[in-house]
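**Student:** Contents of data-v9.cif (mmCIF, C-alpha atoms) are below:
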data_final
loop_
_atom_site.label_atom_id
_atom_site.label_comp_id
_atom_site.auth_asym_id
_atom_site.auth_seq_id
_atom_site.Cartn_x
_atom_site.Cartn_y
_atom_site.Cartn_z
CA LEU C 1 0.00 0.00 0.00
CA ARG C 2 2.75 2.36 0.89
CA HIS C 3 4.47 1.71 -2.41
CA SER C 4 1.32 2.35 -4.38
CA TRP C 5 0.68 5.57 -2.44
CA TRP C 6 4.18 6.92 -3.26
CA ALA C 7 3.78 5.92 -6.88
CA SER C 8 0.54 7.81 -7.16
CA ARG C 9 2.15 10.91 -5.59
CA LEU C 10 5.09 10.82 -7.97
CA SER C 11 2.74 10.46 -10.91
CA CYS C 12 0.89 13.58 -9.85
CA CYS C 13 4.11 15.56 -9.44
CA SER C 14 5.34 14.55 -12.88
CA ASP C 15 2.06 15.69 -14.42
CA ILE C 16 2.46 19.11 -12.75
CA LEU C 17 6.12 19.58 -13.76
CA LYS C 18 5.66 18.64 -17.43
CA PRO C 19 4.05 21.96 -18.44
CA ILE C 20 6.77 23.86 -16.60
CA ALA C 21 9.51 21.91 -18.33
CA ASN C 22 7.86 22.37 -21.69
CA SER C 23 7.48 26.09 -21.08
CA THR C 24 11.17 26.33 -20.13
CA ARG C 25 12.23 24.66 -23.30
CA GLN C 26 10.05 27.03 -25.36
CA ILE C 27 11.74 30.26 -24.12
CA PRO C 28 12.85 32.04 -27.31
CA THR C 29 16.55 32.85 -27.68
CA MET C 30 18.18 35.63 -29.73
CA SER C 31 20.28 34.62 -32.66
CA ALA C 32 23.69 36.13 -33.38
CA GLU C 33 22.29 38.14 -36.29
CA GLU C 34 19.46 39.52 -34.18
CA ALA C 35 21.91 40.43 -31.40
CA ALA C 36 24.15 42.32 -33.87
CA LYS C 37 21.13 44.11 -35.29
CA LYS C 38 20.00 45.04 -31.79
CA SER C 39 23.43 46.46 -30.91
CA GLU C 40 23.42 48.49 -34.12
CA GLU C 41 20.01 49.92 -33.22
CA GLU C 42 21.22 50.82 -29.73
CA THR C 43 24.36 52.62 -31.00
CA THR C 44 22.51 54.49 -33.71
CA PRO C 45 21.76 57.65 -31.53
CA ALA C 46 25.45 58.02 -30.61
CA ASP C 47 26.49 57.61 -34.23
CA GLU C 48 23.92 60.20 -35.26
CA GLU C 49 25.26 62.61 -32.61
CA GLU C 50 28.82 62.17 -33.86
CA THR C 51 27.64 62.72 -37.41
CA ALA C 52 25.79 65.87 -36.32
CA LYS C 53 28.96 67.17 -34.70
CA GLU C 54 30.94 66.55 -37.83
CA GLU C 55 28.33 68.39 -39.89
CA GLU C 56 28.28 71.58 -37.79
CA SER C 57 27.89 74.78 -39.75
CA THR C 58 31.08 76.66 -40.58
CA ALA C 59 29.31 79.68 -42.04
CA HIS C 60 30.97 83.05 -41.34
CA PHE C 61 28.88 86.15 -40.71
CA GLU C 62 30.28 89.65 -40.95
CA PRO C 63 29.43 91.92 -37.95
CA VAL C 64 26.97 94.72 -38.58
CA VAL C 65 29.17 97.25 -36.74
CA LYS C 66 32.93 97.11 -37.12
CA LEU C 67 34.99 98.42 -34.20
CA GLU C 68 38.42 99.76 -34.99
CA GLU C 69 41.38 99.12 -32.73
CA VAL C 70 42.24 102.10 -30.58
CA ASP C 71 45.60 102.59 -28.89
CA THR C 72 44.95 103.23 -25.20
CA LYS C 73 47.59 105.38 -23.52
CA SER C 74 48.28 104.96 -19.83
CA GLY C 75 50.25 108.21 -19.48
CA GLU C 76 53.39 106.25 -18.68
CA GLU C 77 54.75 105.99 -22.22
CA ASP C 78 57.15 108.92 -21.72
CA GLU C 79 58.40 107.74 -18.34
CA GLU C 80 61.29 105.55 -17.30
CA VAL C 81 60.93 103.01 -14.49
CA LEU C 82 63.58 103.70 -11.84
CA HIS C 83 62.32 101.06 -9.44
CA SER C 84 59.45 98.55 -9.32
CA VAL C 85 58.48 96.21 -6.50
CA ARG C 86 55.39 94.16 -5.69
CA SER C 87 53.87 95.17 -2.37
CA LYS C 88 50.65 95.72 -0.44
CA LEU C 89 49.33 99.25 0.07
CA PHE C 90 47.32 100.53 3.04
CA ILE C 91 45.82 103.95 3.75
CA PHE C 92 44.86 105.55 7.03
CA GLY C 93 41.55 107.36 6.92
CA GLU C 94 37.79 107.27 7.23
CA THR C 95 35.69 104.59 5.57
CA LEU C 96 32.52 105.45 3.66
CA LEU C 97 30.45 104.51 6.72
CA ASP C 98 32.61 106.67 9.01
CA LYS C 99 32.72 109.67 6.66
CA GLY C 100 32.67 112.88 8.68
CA THR C 101 32.95 111.15 12.06
CA GLY C 102 36.71 111.54 12.40
CA ASN C 103 37.04 107.81 13.07
CA LYS C 104 40.13 106.78 11.05
CA THR C 105 41.49 103.27 10.66
CA TRP C 106 44.02 101.41 8.54
CA ARG C 107 42.51 99.61 5.55
CA GLU C 108 43.97 97.79 2.59
CA ARG C 109 43.83 99.61 -0.74
CA GLY C 110 45.36 96.94 -2.97
CA ILE C 111 48.26 94.77 -4.09
CA GLY C 112 50.43 95.52 -7.10
CA ASN C 113 53.75 96.87 -8.35
CA CYS C 114 54.77 100.14 -6.74
CA ARG C 115 56.91 101.99 -9.28
CA ILE C 116 59.10 105.06 -9.13
CA LEU C 117 58.85 106.77 -12.55
CA GLN C 118 60.92 109.58 -14.07
CA HIS C 119 59.70 111.61 -17.03
CA LYS C 120 62.09 111.50 -19.99
CA GLU C 121 61.57 115.16 -20.89
CA HIS C 122 61.25 117.28 -17.76
CA GLN C 123 62.90 114.65 -15.47
CA ARG C 124 60.30 114.94 -12.72
CA ILE C 125 59.70 111.85 -10.59
CA ARG C 126 56.50 110.38 -9.22
CA VAL C 127 55.37 107.23 -7.41
CA LEU C 128 52.64 105.24 -9.15
CA MET C 129 50.93 102.04 -8.09
CA ARG C 130 48.17 100.12 -9.85
CA GLN C 131 45.96 97.38 -8.49
CA GLU C 132 47.02 94.16 -10.19
CA LYS C 133 44.47 92.52 -12.54
CA THR C 134 42.18 95.58 -12.63
CA MET C 135 45.08 98.04 -13.25
CA LYS C 136 43.21 100.71 -11.28
CA VAL C 137 45.45 103.52 -9.99
CA ILE C 138 45.60 103.30 -6.19
CA CYS C 139 48.58 105.58 -5.52
CA ASN C 140 49.91 108.53 -7.55
CA PHE C 141 51.95 111.37 -6.09
CA ALA C 142 54.96 113.52 -6.92
CA LEU C 143 58.12 112.52 -5.08
CA ASP C 144 58.35 115.59 -2.89
CA PRO C 145 61.74 115.94 -1.15
CA ARG C 146 59.91 116.83 2.09
CA ILE C 147 58.32 113.36 2.40
CA LYS C 148 59.76 111.33 5.27
CA LEU C 149 59.62 107.53 5.31
CA ALA C 150 59.09 106.08 8.78
CA PRO C 151 58.97 102.44 9.94
CA ASN C 152 55.43 101.18 10.42
CA ALA C 153 54.96 100.16 14.05
CA GLY C 154 58.66 99.35 14.29
CA SER C 155 58.51 96.86 11.40
CA ASP C 156 61.59 96.58 9.19
CA ARG C 157 59.56 95.61 6.10
CA SER C 158 56.98 98.38 6.05
CA TRP C 159 57.15 102.16 5.52
CA VAL C 160 54.68 104.92 6.41
CA TRP C 161 54.52 108.41 4.90
CA SER C 162 52.15 111.24 4.04
CA ALA C 163 51.76 112.72 0.56
CA PHE C 164 49.32 114.58 -1.68
CA ASP C 165 47.74 111.73 -3.62
CA PHE C 166 46.15 112.25 -7.05
CA SER C 167 44.84 108.71 -7.68
CA GLY C 168 41.23 109.84 -7.26
CA GLY C 169 41.55 112.71 -9.74
CA GLU C 170 41.94 115.37 -7.02
CA LEU C 171 44.83 116.21 -4.73
CA GLU C 172 44.18 114.76 -1.30
CA GLU C 173 46.59 114.50 1.60
CA THR C 174 46.82 110.79 2.39
CA VAL C 175 48.74 108.67 4.89
CA PHE C 176 50.15 105.57 3.19
CA ALA C 177 51.72 102.36 4.46
CA LEU C 178 53.53 100.00 2.12
CA ARG C 179 54.40 96.47 3.20
CA PHE C 180 57.05 94.38 1.44
CA ALA C 181 58.04 90.73 1.34
CA ASP C 182 61.07 91.20 3.60
CA SER C 183 63.38 93.81 5.09
CA ASP C 184 65.86 93.70 2.18
CA VAL C 185 63.16 94.59 -0.33
CA ALA C 186 61.95 97.38 1.96
CA LYS C 187 65.49 98.77 2.27
CA ALA C 188 65.98 98.74 -1.52
CA PHE C 189 62.74 100.71 -1.93
CA GLN C 190 63.86 103.26 0.66
CA ASP C 191 67.20 103.77 -1.12
CA LYS C 192 65.52 104.40 -4.49
CA PHE C 193 62.93 106.64 -2.85
CA VAL C 194 65.60 108.83 -1.25
CA GLU C 195 67.63 108.92 -4.49
CA GLY C 196 64.57 110.16 -6.34
CA GLN C 197 63.97 112.83 -3.73
CA ALA C 198 67.53 114.12 -4.19
CA ILE C 199 66.97 114.40 -7.95
CA MET C 200 63.67 116.19 -7.42
CA GLU C 201 65.25 118.60 -4.96
CA LYS C 202 67.86 119.64 -7.54
CA LEU C 203 65.22 120.01 -10.24
CA LEU C 204 62.99 122.16 -8.05
CA ALA C 205 65.95 124.29 -6.97
CA GLY C 206 66.89 124.86 -10.62
CA GLU C 207 63.34 125.78 -11.55
CA ASP C 208 63.13 128.22 -8.64
CA SER C 209 66.38 129.91 -9.69
CA ALA C 210 65.24 130.07 -13.33
CA GLU C 211 61.90 131.57 -12.31
CA GLY C 212 63.71 134.06 -10.08
CA ALA C 213 66.02 135.05 -12.92
CA ALA C 214 63.06 135.52 -15.25
CA GLU C 215 61.27 137.68 -12.70
CA ALA C 216 64.43 139.75 -12.19
CA ASP C 217 64.72 140.30 -15.95
CA GLU C 218 61.08 141.39 -16.12
CA ALA C 219 61.59 143.81 -13.23
CA ALA C 220 64.74 145.23 -14.84
CA ALA C 221 62.89 145.72 -18.12
CA ALA C 222 60.06 147.49 -16.30
CA LEU C 223 62.51 149.77 -14.51
CA GLU C 224 64.27 150.51 -17.78
CA GLY C 225 60.96 151.49 -19.25
CA LEU C 226 60.23 153.81 -16.35
CA LYS C 227 63.64 155.42 -16.68
CA THR C 228 63.07 155.99 -20.36
CA SER C 229 59.73 157.64 -19.75
CA ASP C 230 61.27 159.86 -17.06
CA ASP C 231 64.07 160.90 -19.40
CA ASN C 232 61.52 161.79 -22.07
CA LYS C 233 59.69 164.02 -19.65
CA LYS C 234 62.91 165.79 -18.71
CA GLU C 235 63.73 166.34 -22.35
CA GLU C 236 60.26 167.79 -22.91
#
Take the structure in the file and write it out as structure tokens.

**Tutor:**
Amino acid sequence: LRHSWWASRLSCCSDILKPIANSTRQIPTMSAEEAAKKSEEETTPADEEETAKEEESTAHFEPVVKLEEVDTKSGEEDEEVLHSVRSKLFIFGETLLDKGTGNKTWRERGIGNCRILQHKEHQRIRVLMRQEKTMKVICNFALDPRIKLAPNAGSDRSWVWSAFDFSGGELEETVFALRFADSDVAKAFQDKFVEGQAIMEKLLAGEDSAEGAAEADEAAAALEGLKTSDDNKKEE
């Protein structure tokens, strides 16, 4: 009985599994040709994109308005660079928020090359500094012999001085501080600064004497004219 019962159970199981086995055998498979065709269809968008890139338009259109090149002059074309050094500039004064309050603080004005320039014609010397990248003028003053460089808070790589700055388009008395990479660079700047002041002092002294001589000649001519008029009166 037991044997017959197990036989009947196995017969039932085989009847159930036959459809599953048949269905497994009937699963369709993709041939090699169909697989290649499928891969071609999948790569078609990329190929089309590459083709589109290759076929980009190369048409050239002339601009409606043509702009001519203009030579921009910085005002430094006629000047010789006596000294140039990269440094950081500070000014002592009121901020826009503190304008009129009298509250003055040190604030950074910019980083760039501070240059001592001498004009090739009249030989006058000035100090000019532009903000790097933007090239905005942040310091521009004549090298007055009366300017005194002083160490900034005892530092050996920073100088402080006061000068009449013209970087904003108007003369304004400004207190500057210039900080250098090290003490040697600061000392080299001081030496060139003082040398420039000596040259300026001689130039200004020569101009004063020339102006004085011209005024003396004018006064002598005026006196000569007066004497002539007096002599004419006496003759009359």

**Student:** Expand the PyMOL selection byres ((chain C and resi 168-181) around 7) into the explicit residue set it covers here, and present it as an NGL selection string.

**Tutor:** :C and (87-92 or 157-167 or 182 or 185-186)

**Student:** Quick one: pull the distance between atom CA of Lys133 of chain C and atom CA of Glu80 of chain C, Å, one decimal.

**Tutor:** 21.8 Å

**Student:** Produce the centre coordinates and the three edge lengths, each in Å to one decimal, of the box along x, y and z that contains all listed atoms of segment 188-191 of chain C with 6 Å added on each side, as AutoDock Vina command-line options.

**Tutor:**
--center_x 65.0 --center_y 101.3 --center_z -0.6 --size_x 16.5 --size_y 17.0 --size_z 14.6

**Student:** Can you tell me, as a list of chain:residue names, what residues are no more than 12 Å from segment 67-74 of chain C when counting only C-alpha atoms, ignoring any on the same chain fewer than 2 positions away?

**Tutor:** C:Pro63, C:Val64, C:Val65, C:Glu76, C:Glu77, C:Asp78, C:Glu79, C:Leu128, C:Arg130, C:Met135, C:Lys136, C:Val137

**Student:** In terms of the shortest atom-to-atom distance over only C-alpha atoms, which of C:Lys104, C:Arg109, C:Lys120, C:Arg86 is closest to Cys139 of chain C?

**Tutor:**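 So, comparing all the options, the nearest one is C:Arg109.
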
**Student:** Provide the atom CA of Gln197 of chain C to atom CA of Asn140 of chain C distance in Å, to one decimal place.

**Tutor:**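 Atom CA of Gln197 of chain C sits 15.2 Å away from atom CA of Asn140 of chain C.
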
**Student:** Name the closest residue to Gly75 of chain C among the candidates C:Thr95, C:Asn152, C:His119, C:Glu207; distances are taken between atoms, counting only C-alpha atoms.

**Tutor:**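 Answer, going by the shortest atom-to-atom distance: C:His119.
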
**Student:** May I ask which of the residues C:Gln131, C:Gln123, C:Gln118, C:Asn103 is the closest one to Lys202 of chain C, counting all atoms listed in the file?

**Tutor:**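 For Lys202 of chain C, the nearest of the given residues is C:Gln123.
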
**Student:** Using Å and a single decimal, report how far atom CA of Leu82 of chain C sits from atom CA of Ala188 of chain C.

**Tutor:**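 So the two atoms, atom CA of Ala188 of chain C and atom CA of Leu82 of chain C, lie 11.7 Å apart.
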